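Structure below is entry19.txt: compact mmCIF, C-alpha atoms.
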```txt
# COMPACT_ATOMS: atom_id res chain seq x y z
CA MET H 1 -152.87 -126.06 184.67
CA GLY H 2 -155.57 -128.71 184.57
CA SER H 3 -154.14 -130.14 181.38
CA PHE H 4 -150.66 -130.16 182.91
CA LEU H 5 -151.87 -132.00 186.01
CA SER H 6 -153.82 -134.45 183.88
CA GLN H 7 -150.72 -135.11 181.77
CA LEU H 8 -148.59 -135.47 184.90
CA PHE H 9 -151.09 -137.91 186.36
CA LYS H 10 -151.24 -139.98 183.18
CA ASN H 11 -147.44 -140.03 182.89
CA GLY H 12 -147.29 -141.16 186.50
CA LEU H 13 -149.66 -144.01 185.75
CA VAL H 14 -147.65 -145.08 182.73
CA LEU H 15 -144.52 -145.02 184.87
CA ALA H 16 -146.30 -147.15 187.48
CA VAL H 17 -147.27 -149.68 184.80
CA ILE H 18 -143.71 -149.86 183.45
CA THR H 19 -142.33 -150.24 186.97
CA ALA H 20 -144.86 -152.84 188.03
CA LEU H 21 -144.65 -155.04 184.96
CA CYS H 22 -141.10 -154.42 183.72
CA VAL H 23 -138.69 -153.21 186.40
CA CYS H 24 -140.06 -155.30 189.31
CA PRO H 25 -140.06 -158.66 187.44
CA LEU H 26 -136.71 -157.82 185.87
CA SER H 27 -135.16 -157.03 189.23
CA LEU H 28 -136.33 -160.40 190.54
CA ILE H 29 -135.09 -162.17 187.38
CA GLY H 30 -131.74 -160.42 187.89
CA LEU H 31 -131.67 -161.51 191.51
CA LEU H 32 -132.45 -165.13 190.60
CA LEU H 33 -129.87 -165.15 187.79
CA GLY H 34 -127.31 -163.63 190.16
CA ILE H 35 -127.92 -166.49 192.59
CA ALA H 36 -127.95 -169.10 189.83
CA TYR H 37 -124.74 -167.88 188.16
CA PRO H 38 -122.22 -169.34 190.62
CA ILE H 39 -124.32 -172.44 191.38
CA LEU H 40 -125.55 -173.75 188.03
CA PRO H 41 -123.30 -175.33 185.38
CA LYS H 42 -122.72 -172.97 182.44
CA LYS H 43 -124.92 -175.02 180.09
CA HIS H 44 -127.93 -174.88 182.43
CA TYR H 45 -127.31 -171.23 183.31
CA THR H 46 -127.35 -170.36 179.58
CA LYS H 47 -130.64 -172.21 179.14
CA LEU H 48 -132.11 -170.37 182.12
CA CYS H 49 -130.95 -167.05 180.62
CA VAL H 50 -132.51 -167.87 177.25
CA TRP H 51 -135.78 -168.94 178.83
CA SER H 52 -136.12 -165.97 181.19
CA GLN H 53 -135.17 -163.46 178.48
CA ASN H 54 -137.68 -164.99 176.11
CA GLN H 55 -140.46 -164.79 178.70
CA PHE H 56 -139.71 -161.19 179.66
CA LEU H 57 -139.31 -159.87 176.14
CA THR H 58 -142.44 -161.66 174.91
CA ALA H 59 -144.42 -159.99 177.70
CA PHE H 60 -142.73 -156.64 176.95
CA VAL H 61 -143.56 -156.89 173.24
CA TRP H 62 -147.13 -157.82 173.95
CA MET H 63 -147.54 -154.94 176.40
CA TYR H 64 -146.56 -152.16 174.03
CA GLU H 65 -148.24 -153.75 171.02
CA ARG H 66 -151.46 -154.17 172.94
CA ASN H 67 -151.30 -150.74 174.50
CA HIS H 68 -151.57 -148.99 171.15
CA SER H 69 -154.98 -149.07 169.62
CA SER H 70 -153.68 -148.36 166.19
CA LEU H 71 -150.10 -149.62 166.32
CA ASN H 72 -149.36 -151.36 163.06
CA ILE H 73 -146.06 -153.02 162.25
CA TYR H 74 -145.20 -153.28 158.59
CA ILE H 75 -142.44 -155.43 157.23
CA SER H 76 -140.98 -155.40 153.74
CA GLY H 77 -138.03 -156.79 151.83
CA ASP H 78 -136.57 -160.28 152.11
CA PRO H 79 -138.53 -162.93 154.04
CA LEU H 80 -136.85 -164.28 157.18
CA PRO H 81 -136.80 -167.91 158.26
CA PRO H 82 -137.42 -168.60 161.97
CA GLN H 83 -134.58 -169.22 164.42
CA GLU H 84 -131.72 -168.09 162.19
CA SER H 85 -128.46 -166.88 163.73
CA ALA H 86 -127.85 -163.42 162.35
CA LEU H 87 -126.23 -160.04 162.83
CA LEU H 88 -128.76 -157.21 162.61
CA VAL H 89 -127.46 -153.89 161.33
CA CYS H 90 -129.94 -151.12 161.94
CA ASN H 91 -130.27 -147.35 161.75
CA HIS H 92 -130.76 -145.66 165.13
CA VAL H 93 -133.63 -143.25 164.81
CA ALA H 94 -135.53 -142.93 168.05
CA GLY H 95 -134.56 -141.94 171.55
CA HIS H 96 -134.87 -145.40 173.01
CA GLY H 97 -137.77 -146.87 171.11
CA ASP H 98 -135.76 -148.42 168.28
CA TRP H 99 -135.52 -151.66 170.14
CA ALA H 100 -139.28 -152.08 170.10
CA PRO H 101 -139.76 -152.80 166.37
CA ILE H 102 -136.71 -155.05 166.44
CA TYR H 103 -138.15 -157.00 169.38
CA SER H 104 -141.44 -157.28 167.50
CA LEU H 105 -139.62 -158.58 164.44
CA VAL H 106 -137.47 -161.07 166.36
CA ALA H 107 -140.51 -162.25 168.35
CA ARG H 108 -142.10 -163.39 165.08
CA GLN H 109 -138.94 -165.41 164.31
CA ASN H 110 -139.09 -167.07 167.78
CA GLY H 111 -135.66 -165.63 168.48
CA LEU H 112 -136.17 -163.45 171.57
CA GLY H 113 -134.38 -165.94 173.83
CA GLY H 114 -131.12 -165.63 171.91
CA PHE H 115 -131.42 -161.90 171.24
CA LYS H 116 -128.53 -159.65 172.23
CA CYS H 117 -127.67 -156.06 171.48
CA VAL H 118 -124.36 -154.21 171.56
CA VAL H 119 -124.83 -151.56 174.25
CA LYS H 120 -122.81 -149.02 176.17
CA ASP H 121 -121.06 -150.40 179.24
CA ILE H 122 -122.69 -147.77 181.44
CA ALA H 123 -126.09 -149.38 180.73
CA LYS H 124 -125.29 -152.20 183.14
CA TRP H 125 -125.86 -149.81 186.06
CA VAL H 126 -129.50 -149.18 185.09
CA PRO H 127 -131.67 -150.94 187.70
CA GLY H 128 -133.47 -154.00 186.35
CA PHE H 129 -132.74 -153.63 182.65
CA GLY H 130 -129.00 -153.00 182.96
CA TRP H 131 -128.36 -155.68 185.57
CA CYS H 132 -130.11 -158.24 183.40
CA MET H 133 -128.17 -157.18 180.28
CA TRP H 134 -124.97 -157.92 182.18
CA LEU H 135 -126.21 -161.21 183.63
CA LEU H 136 -127.64 -162.30 180.28
CA ASN H 137 -124.21 -161.88 178.73
CA TRP H 138 -124.96 -159.01 176.36
CA PRO H 139 -121.91 -157.31 174.83
CA LEU H 140 -121.16 -154.08 176.72
CA LEU H 141 -118.73 -151.65 175.10
CA LYS H 142 -116.64 -149.05 176.93
CA ARG H 143 -116.01 -147.04 173.74
CA ASN H 144 -112.31 -147.49 174.11
CA TRP H 145 -111.44 -149.30 170.93
CA ALA H 146 -108.18 -150.86 172.16
CA GLY H 147 -110.02 -152.71 174.92
CA ASP H 148 -113.30 -153.20 173.08
CA LYS H 149 -111.66 -154.91 170.10
CA LEU H 150 -110.29 -157.73 172.23
CA TYR H 151 -113.48 -157.83 174.32
CA LEU H 152 -115.69 -158.25 171.23
CA LYS H 153 -113.43 -160.94 169.80
CA ASN H 154 -113.57 -162.94 173.05
CA LYS H 155 -117.30 -162.37 173.40
CA MET H 156 -118.07 -163.63 169.90
CA GLN H 157 -115.92 -166.71 170.50
CA ALA H 158 -117.79 -167.31 173.76
CA TYR H 159 -121.14 -167.07 171.92
CA GLY H 160 -119.90 -169.74 169.51
CA LYS H 161 -119.21 -172.08 172.41
CA LEU H 162 -122.55 -171.55 174.19
CA GLU H 163 -124.64 -174.67 174.29
CA SER H 164 -128.15 -173.33 173.95
CA ASN H 165 -130.87 -174.27 171.54
CA ALA H 166 -131.66 -170.62 170.77
CA ALA H 167 -130.29 -168.94 167.67
CA LEU H 168 -128.09 -165.91 168.32
CA THR H 169 -129.58 -162.65 167.06
CA LEU H 170 -127.10 -159.85 167.62
CA LEU H 171 -128.19 -156.28 167.02
CA ILE H 172 -125.85 -153.39 166.38
CA PHE H 173 -126.61 -149.75 165.69
CA PRO H 174 -123.46 -148.71 163.79
CA GLU H 175 -124.28 -145.02 164.17
CA GLY H 176 -123.47 -145.58 167.84
CA THR H 177 -125.85 -142.92 169.07
CA ARG H 178 -129.41 -141.80 168.61
CA TRP H 179 -130.46 -139.12 166.15
CA THR H 180 -130.50 -135.59 167.51
CA GLU H 181 -130.25 -132.31 165.62
CA LYS H 182 -126.88 -131.48 167.15
CA LYS H 183 -125.37 -134.87 166.34
CA TYR H 184 -126.90 -134.77 162.88
CA LYS H 185 -125.21 -131.42 162.13
CA GLU H 186 -121.89 -132.87 163.28
CA ALA H 187 -122.43 -135.88 161.03
CA VAL H 188 -123.15 -133.63 158.03
CA GLN H 189 -120.00 -131.62 158.73
CA PHE H 190 -117.95 -134.81 159.06
CA ALA H 191 -119.32 -136.21 155.80
CA THR H 192 -118.71 -132.94 153.93
CA GLU H 193 -115.12 -132.71 155.16
CA ARG H 194 -114.32 -136.29 154.13
CA LYS H 195 -116.35 -136.22 150.92
CA LEU H 196 -118.66 -139.01 152.07
CA HIS H 197 -122.36 -139.38 151.33
CA VAL H 198 -124.04 -136.52 153.20
CA PRO H 199 -126.81 -138.13 155.23
CA VAL H 200 -130.33 -136.75 155.30
CA HIS H 201 -132.16 -139.18 157.58
CA THR H 202 -129.30 -141.18 159.09
CA MET H 203 -125.86 -140.42 160.50
CA ILE H 204 -122.34 -141.63 159.71
CA PRO H 205 -121.85 -145.27 160.75
CA ARG H 206 -118.86 -146.25 162.90
CA TYR H 207 -117.29 -149.14 161.12
CA LYS H 208 -114.80 -150.65 163.58
CA GLY H 209 -117.34 -152.43 165.77
CA PHE H 210 -119.19 -153.70 162.70
CA GLN H 211 -115.96 -155.07 161.22
CA ALA H 212 -115.09 -156.79 164.50
CA LEU H 213 -118.55 -158.36 164.74
CA VAL H 214 -118.52 -159.60 161.15
CA ARG H 215 -115.12 -161.19 161.69
CA GLY H 216 -115.99 -162.54 165.13
CA LEU H 217 -119.33 -164.02 164.11
CA ASP H 218 -117.82 -166.07 161.30
CA GLY H 219 -118.93 -169.60 162.11
CA VAL H 220 -121.35 -168.41 164.80
CA ALA H 221 -123.97 -166.61 162.70
CA THR H 222 -124.84 -167.35 159.10
CA HIS H 223 -126.54 -164.17 157.90
CA VAL H 224 -126.56 -160.40 158.16
CA TYR H 225 -129.83 -158.48 158.12
CA ASP H 226 -129.55 -154.93 156.86
CA ILE H 227 -132.54 -153.31 158.57
CA THR H 228 -134.02 -149.90 157.84
CA LEU H 229 -136.41 -148.56 160.46
CA ALA H 230 -138.94 -145.82 159.99
CA TYR H 231 -141.83 -144.45 162.01
CA HIS H 232 -145.09 -142.92 160.95
CA GLY H 233 -147.94 -141.32 162.84
CA TRP H 234 -146.24 -140.91 166.22
CA ASP H 235 -146.72 -137.81 168.30
CA LEU H 236 -143.05 -136.96 168.65
CA PRO H 237 -141.30 -134.17 170.52
CA GLN H 238 -139.37 -131.62 168.46
CA GLY H 239 -135.96 -132.82 167.33
CA SER H 240 -136.87 -136.49 167.59
CA LYS H 241 -137.47 -138.91 164.73
CA GLY H 242 -138.97 -141.79 166.69
CA PRO H 243 -140.67 -142.71 169.94
CA GLY H 244 -138.82 -143.31 173.21
CA ASN H 245 -139.48 -146.14 175.67
CA PHE H 246 -141.95 -143.98 177.55
CA ALA H 247 -143.87 -143.03 174.41
CA LEU H 248 -144.32 -146.70 173.54
CA PHE H 249 -146.75 -147.01 176.40
CA LYS H 250 -148.70 -143.93 175.45
CA GLN H 251 -150.64 -142.81 172.46
CA LYS H 252 -152.50 -139.73 171.34
CA THR H 253 -154.93 -138.97 168.60
CA ALA H 254 -154.26 -136.47 165.85
CA ALA H 255 -155.69 -133.71 167.99
CA GLY H 256 -153.37 -134.69 170.80
CA ALA H 257 -156.29 -134.76 173.19
CA ASN H 258 -157.41 -138.30 173.74
CA VAL H 259 -155.78 -141.54 174.74
CA VAL H 260 -157.14 -144.42 172.73
CA ARG H 261 -156.70 -148.12 173.06
CA GLN H 262 -158.42 -151.06 171.47
CA THR H 263 -157.45 -154.64 171.96
CA LYS H 264 -155.58 -155.82 168.88
CA CYS H 265 -153.63 -158.75 170.21
CA GLY H 266 -156.45 -161.06 170.96
CA GLY H 267 -158.95 -160.59 173.71
CA GLY H 268 -156.77 -159.13 176.44
CA GLY H 269 -158.95 -156.23 177.63
CA PHE H 270 -160.96 -157.65 180.49
CA PHE H 271 -158.34 -160.27 181.33
CA VAL H 272 -155.53 -157.78 181.75
CA ASN H 273 -157.66 -155.28 183.64
CA LEU H 274 -158.63 -158.09 185.99
CA LEU H 275 -154.96 -158.98 186.43
CA TRP H 276 -154.19 -155.37 187.27
CA PHE H 277 -156.90 -155.32 189.88
CA LEU H 278 -155.81 -158.63 191.41
CA TRP H 279 -152.18 -157.55 191.40
CA PHE H 280 -152.81 -154.36 193.36
CA PHE H 281 -155.34 -156.06 195.58
CA TYR H 282 -152.85 -158.80 196.43
CA LEU H 283 -149.96 -156.40 196.85
CA PHE H 284 -151.63 -154.08 199.30
CA TYR H 285 -154.10 -156.24 201.18
CA PHE H 286 -152.52 -159.69 201.40
CA CYS H 287 -148.95 -158.75 202.13
CA PRO H 288 -147.94 -159.73 205.65
CA SER H 289 -148.28 -156.85 208.03
CA MET A 1 -155.21 -145.63 197.93
CA THR A 2 -154.99 -149.18 196.64
CA LEU A 3 -158.53 -149.26 195.48
CA THR A 4 -158.10 -145.92 193.73
CA LEU A 5 -155.03 -147.19 191.88
CA ALA A 6 -156.65 -150.51 191.09
CA LEU A 7 -159.63 -148.74 189.59
CA LEU A 8 -157.76 -145.93 187.88
CA ILE A 9 -155.19 -148.00 186.02
CA PRO A 10 -157.76 -150.08 184.16
CA TRP A 11 -159.68 -146.85 183.58
CA TYR A 12 -156.64 -145.23 182.03
CA PHE A 13 -156.09 -148.10 179.64
CA ASP A 14 -159.73 -148.71 178.91
CA ASP A 15 -160.86 -147.17 175.65
CA GLU A 16 -164.52 -147.36 176.64
CA LEU A 17 -163.99 -144.70 179.29
CA VAL A 18 -160.97 -142.77 178.13
CA ASN A 19 -161.75 -142.27 174.50
CA THR A 20 -164.43 -139.62 174.62
CA ASN A 21 -164.05 -138.85 170.96
CA ARG A 22 -164.86 -142.22 169.42
CA THR A 23 -166.78 -140.77 166.52
CA ASN A 24 -163.75 -138.80 165.32
CA PRO A 25 -162.36 -140.78 162.37
CA CYS A 26 -159.16 -138.75 162.29
CA ILE A 27 -157.08 -141.04 164.49
CA VAL A 28 -153.41 -141.22 163.64
CA GLN A 29 -152.14 -144.72 163.02
CA CYS A 30 -148.91 -145.33 164.88
CA GLU A 31 -146.72 -147.39 162.63
CA PHE A 32 -143.39 -149.16 162.74
CA HIS A 33 -141.91 -149.82 159.30
CA ILE A 34 -139.13 -152.36 158.95
CA HIS A 35 -137.32 -152.99 155.69
CA ILE A 36 -134.99 -155.99 155.59
CA ARG A 37 -132.21 -157.14 153.29
CA ARG A 38 -130.96 -160.61 154.09
CA LEU A 39 -127.36 -161.34 153.16
CA LYS A 40 -125.05 -164.27 153.74
CA LEU A 41 -122.24 -163.52 156.16
CA SER A 42 -119.85 -165.48 153.95
CA ASP A 43 -120.67 -163.20 150.98
CA LEU A 44 -119.36 -160.11 152.78
CA PRO A 45 -115.92 -158.80 151.73
CA LYS A 46 -112.92 -160.27 153.53
CA ASP A 47 -110.99 -157.02 153.22
CA ASP A 48 -111.61 -154.50 156.03
CA VAL A 49 -111.51 -151.46 153.73
CA LYS A 50 -114.12 -152.96 151.41
CA LEU A 51 -116.25 -153.91 154.41
CA LYS A 52 -116.11 -150.31 155.62
CA GLN A 53 -117.10 -149.00 152.16
CA MET A 54 -119.93 -151.54 152.05
CA LEU A 55 -121.27 -150.31 155.41
CA PHE A 56 -121.16 -146.68 154.21
CA GLN A 57 -122.98 -147.76 151.04
CA TRP A 58 -125.65 -149.53 153.12
CA PHE A 59 -126.27 -146.32 155.04
CA ALA A 60 -126.41 -144.28 151.84
CA ASP A 61 -129.02 -146.77 150.56
CA LYS A 62 -130.92 -146.50 153.84
CA ASP A 63 -130.96 -142.75 153.38
CA LYS A 64 -132.49 -143.11 149.91
CA LEU A 65 -135.05 -145.58 151.24
CA LEU A 66 -135.99 -143.22 154.06
CA ASP A 67 -136.25 -140.39 151.54
CA GLN A 68 -138.77 -142.45 149.57
CA PHE A 69 -140.50 -143.29 152.83
CA SER A 70 -140.92 -139.62 153.72
CA THR A 71 -142.98 -139.10 150.55
CA MET A 72 -144.82 -142.46 150.39
CA SER A 73 -145.17 -143.12 154.17
CA SER A 74 -144.44 -146.77 153.48
CA PHE A 75 -141.78 -149.06 152.07
CA LYS A 76 -142.50 -150.89 148.84
CA GLY A 77 -144.30 -154.22 149.30
CA ALA A 78 -144.92 -153.69 153.03
CA LYS A 79 -147.02 -156.31 154.78
CA LYS A 80 -148.63 -155.99 158.18
CA LEU A 81 -147.29 -158.24 160.94
CA LYS A 82 -149.79 -160.47 162.71
CA PRO A 83 -150.28 -160.01 166.45
CA LEU A 84 -148.49 -162.35 168.85
CA PRO A 85 -150.49 -165.54 169.41
CA PRO A 86 -152.08 -165.85 172.88
CA SER A 87 -150.20 -169.14 173.41
CA GLU A 88 -147.01 -167.06 173.55
CA TRP A 89 -148.01 -163.96 175.48
CA ILE A 90 -150.36 -165.41 178.11
CA PRO A 91 -147.72 -167.59 179.85
CA ALA A 92 -145.11 -164.83 179.58
CA MET A 93 -147.46 -162.14 180.88
CA SER A 94 -148.66 -164.35 183.71
CA LEU A 95 -145.08 -164.99 184.75
CA MET A 96 -144.32 -161.26 184.77
CA VAL A 97 -147.38 -160.55 186.93
CA VAL A 98 -146.30 -163.28 189.36
CA LEU A 99 -142.70 -162.05 189.47
CA GLY A 100 -143.80 -158.42 189.86
CA SER A 101 -146.11 -159.43 192.69
CA LEU A 102 -143.39 -161.46 194.39
CA PHE A 103 -140.95 -158.58 194.14
CA GLY A 104 -143.51 -156.17 195.59
CA HIS A 105 -144.34 -158.69 198.29
CA PHE A 106 -140.69 -159.05 199.32
CA CYS A 107 -140.12 -155.30 199.27
CA LEU A 108 -143.14 -154.58 201.46
CA HIS A 109 -142.36 -157.50 203.73
CA GLY A 110 -138.84 -156.21 204.25
CA LEU A 111 -140.00 -152.66 204.83
CA HIS A 112 -142.56 -153.77 207.39
CA PHE A 113 -140.08 -155.63 209.55
CA SER A 114 -137.21 -153.18 209.24
```
Same coordinates, now as structure tokens:
Amino acid sequence: MGSFLSQLFKNGLVLAVITALCVCPLSLIGLLLGIAYPILPKKHYTKLCVWSQNQFLTAFVWMYERNHSSLNIYISGDPLPPQESALLVCNHVAGHGDWAPIYSLVARQNGLGGFKCVVKDIAKWVPGFGWCMWLLNWPLLKRNWAGDKLYLKNKMQAYGKLESNAALTLLIFPEGTRWTEKKYKEAVQFATERKLHVPVHTMIPRYKGFQALVRGLDGVATHVYDITLAYHGWDLPQGSKGPGNFALFKQKTAAGANVVRQTKCGGGGFFVNLLWFLWFFYLFYFCPS
Amino acid sequence: MTLTLALLIPWYFDDELVNTNRTNPCIVQCEFHIHIRRLKLSDLPKDDVKLKQMLFQWFADKDKLLDQFSTMSSFKGAKKLKPLPPSEWIPAMSLMVVLGSLFGHFCLHGLHFS
């Protein structure tokens, strides 16, 4: 019971951190972008989108990288030049955490401002995150291919006409859904029936969206990055192959008993704790009442 | 309430207080592994059927790579990424703290006068 309450309390704190430093700023960014959209010329609105997205995602990346004492990001394969327009094709392993390593990678290429990901249309209703995806012009698919085909074509053409100094980095998970045991079994059955490669760690990719993006990005992006993601050392729930968004802000030791954090990203410990204190102090004591 | 939260949140994230088992060397390293192949968009097949086959082949290759990963716990030639430089994260983080504070301020302000 004590352990349960302790876990509940810690989860509550993590949720408070995510809300305070992700959802609240994002909601305000969304509000400001919503006001700016009809007022600003398209060119300036695009620059504002790029700038605000870059600021938010940089802070987001730093938060989860800093929060893990022993989070190490390893990169292998072909070297990437900075600020290159590219289509990223990636395997979808984790619940929601797959974006994190991609953000970390793109942050090192200075490309977070121009980053976009193909997401489900329903995501635009998620408070903060979803509203901003819509306002930042991310491609949102309804999973109705007749409509989505035309939508993607128009969207890619629109990206080509955008006047921003940020390179477009467009991410797609061709598997279209995250890995679960049930979906994996369906994928194996599908592959067996059609005599395709029977996947062990991945699922069957859906090719129509990929084809549309490759065709649509001709002249907009120059390269395709074939990315393989893997995780090691995470304390994962059963039936999951990678961490979710929530798990990114938590970490356990091998014994599953202790939460550990050491500052890895350069002297943030005292500074950030001070910011936390000031933030709460300001919020509760200096607000007009 | 405020003071409790203000004190507890740094406590939760502070290894000095939370990690009571510092002498235990058996700490799991949380790792992201990213393997990249960089290809020119113009080199991709123009035919849709070939493009589809190529995508399936990519995923079959990913599967093999992940199979190797499951035994080696690393991709070949992996290098560790450097942390974000403070010149990038400090302005961004400061902005988020300001925006979060402003949002909270407006919410509480509105609630008070409603």
Atom pair CA of Val97 (chain A) / CA of Pro25 (chain H): separation (Å): 7.6 Å
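Taking CA of Ala221 (chain H) and CA of Pro139 (chain H) as endpoints, the distance between them is 15.4 Å.
When CA of Pro101 (chain H) is paired with CA of Pro85 (chain A), their separation reads 16.9 Å.
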Which residue of A:Pro45, A:Ala78, A:Asp61, A:Thr71 approaches His33 (chain A) most closely, using all atoms listed in the file: A:Ala78
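Nearest residue to Leu44 (chain A), choosing from H:Ile39, H:Ala230, H:Ile204, H:Leu217 and counting all atoms listed in the file: H:Leu217.
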Cut-off 8 Å around (-147.4, -159.2, 161.8) with only C-alpha atoms: residues as a ChimeraX atom specification: /H:73-75,108 /A:79-84
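Nearest-residue note for Glu88 (chain A): choosing from H:Ala212, H:Leu8, H:Ala191, H:Ala59, the minimum distance belongs to H:Ala59, counting all atoms listed in the file.
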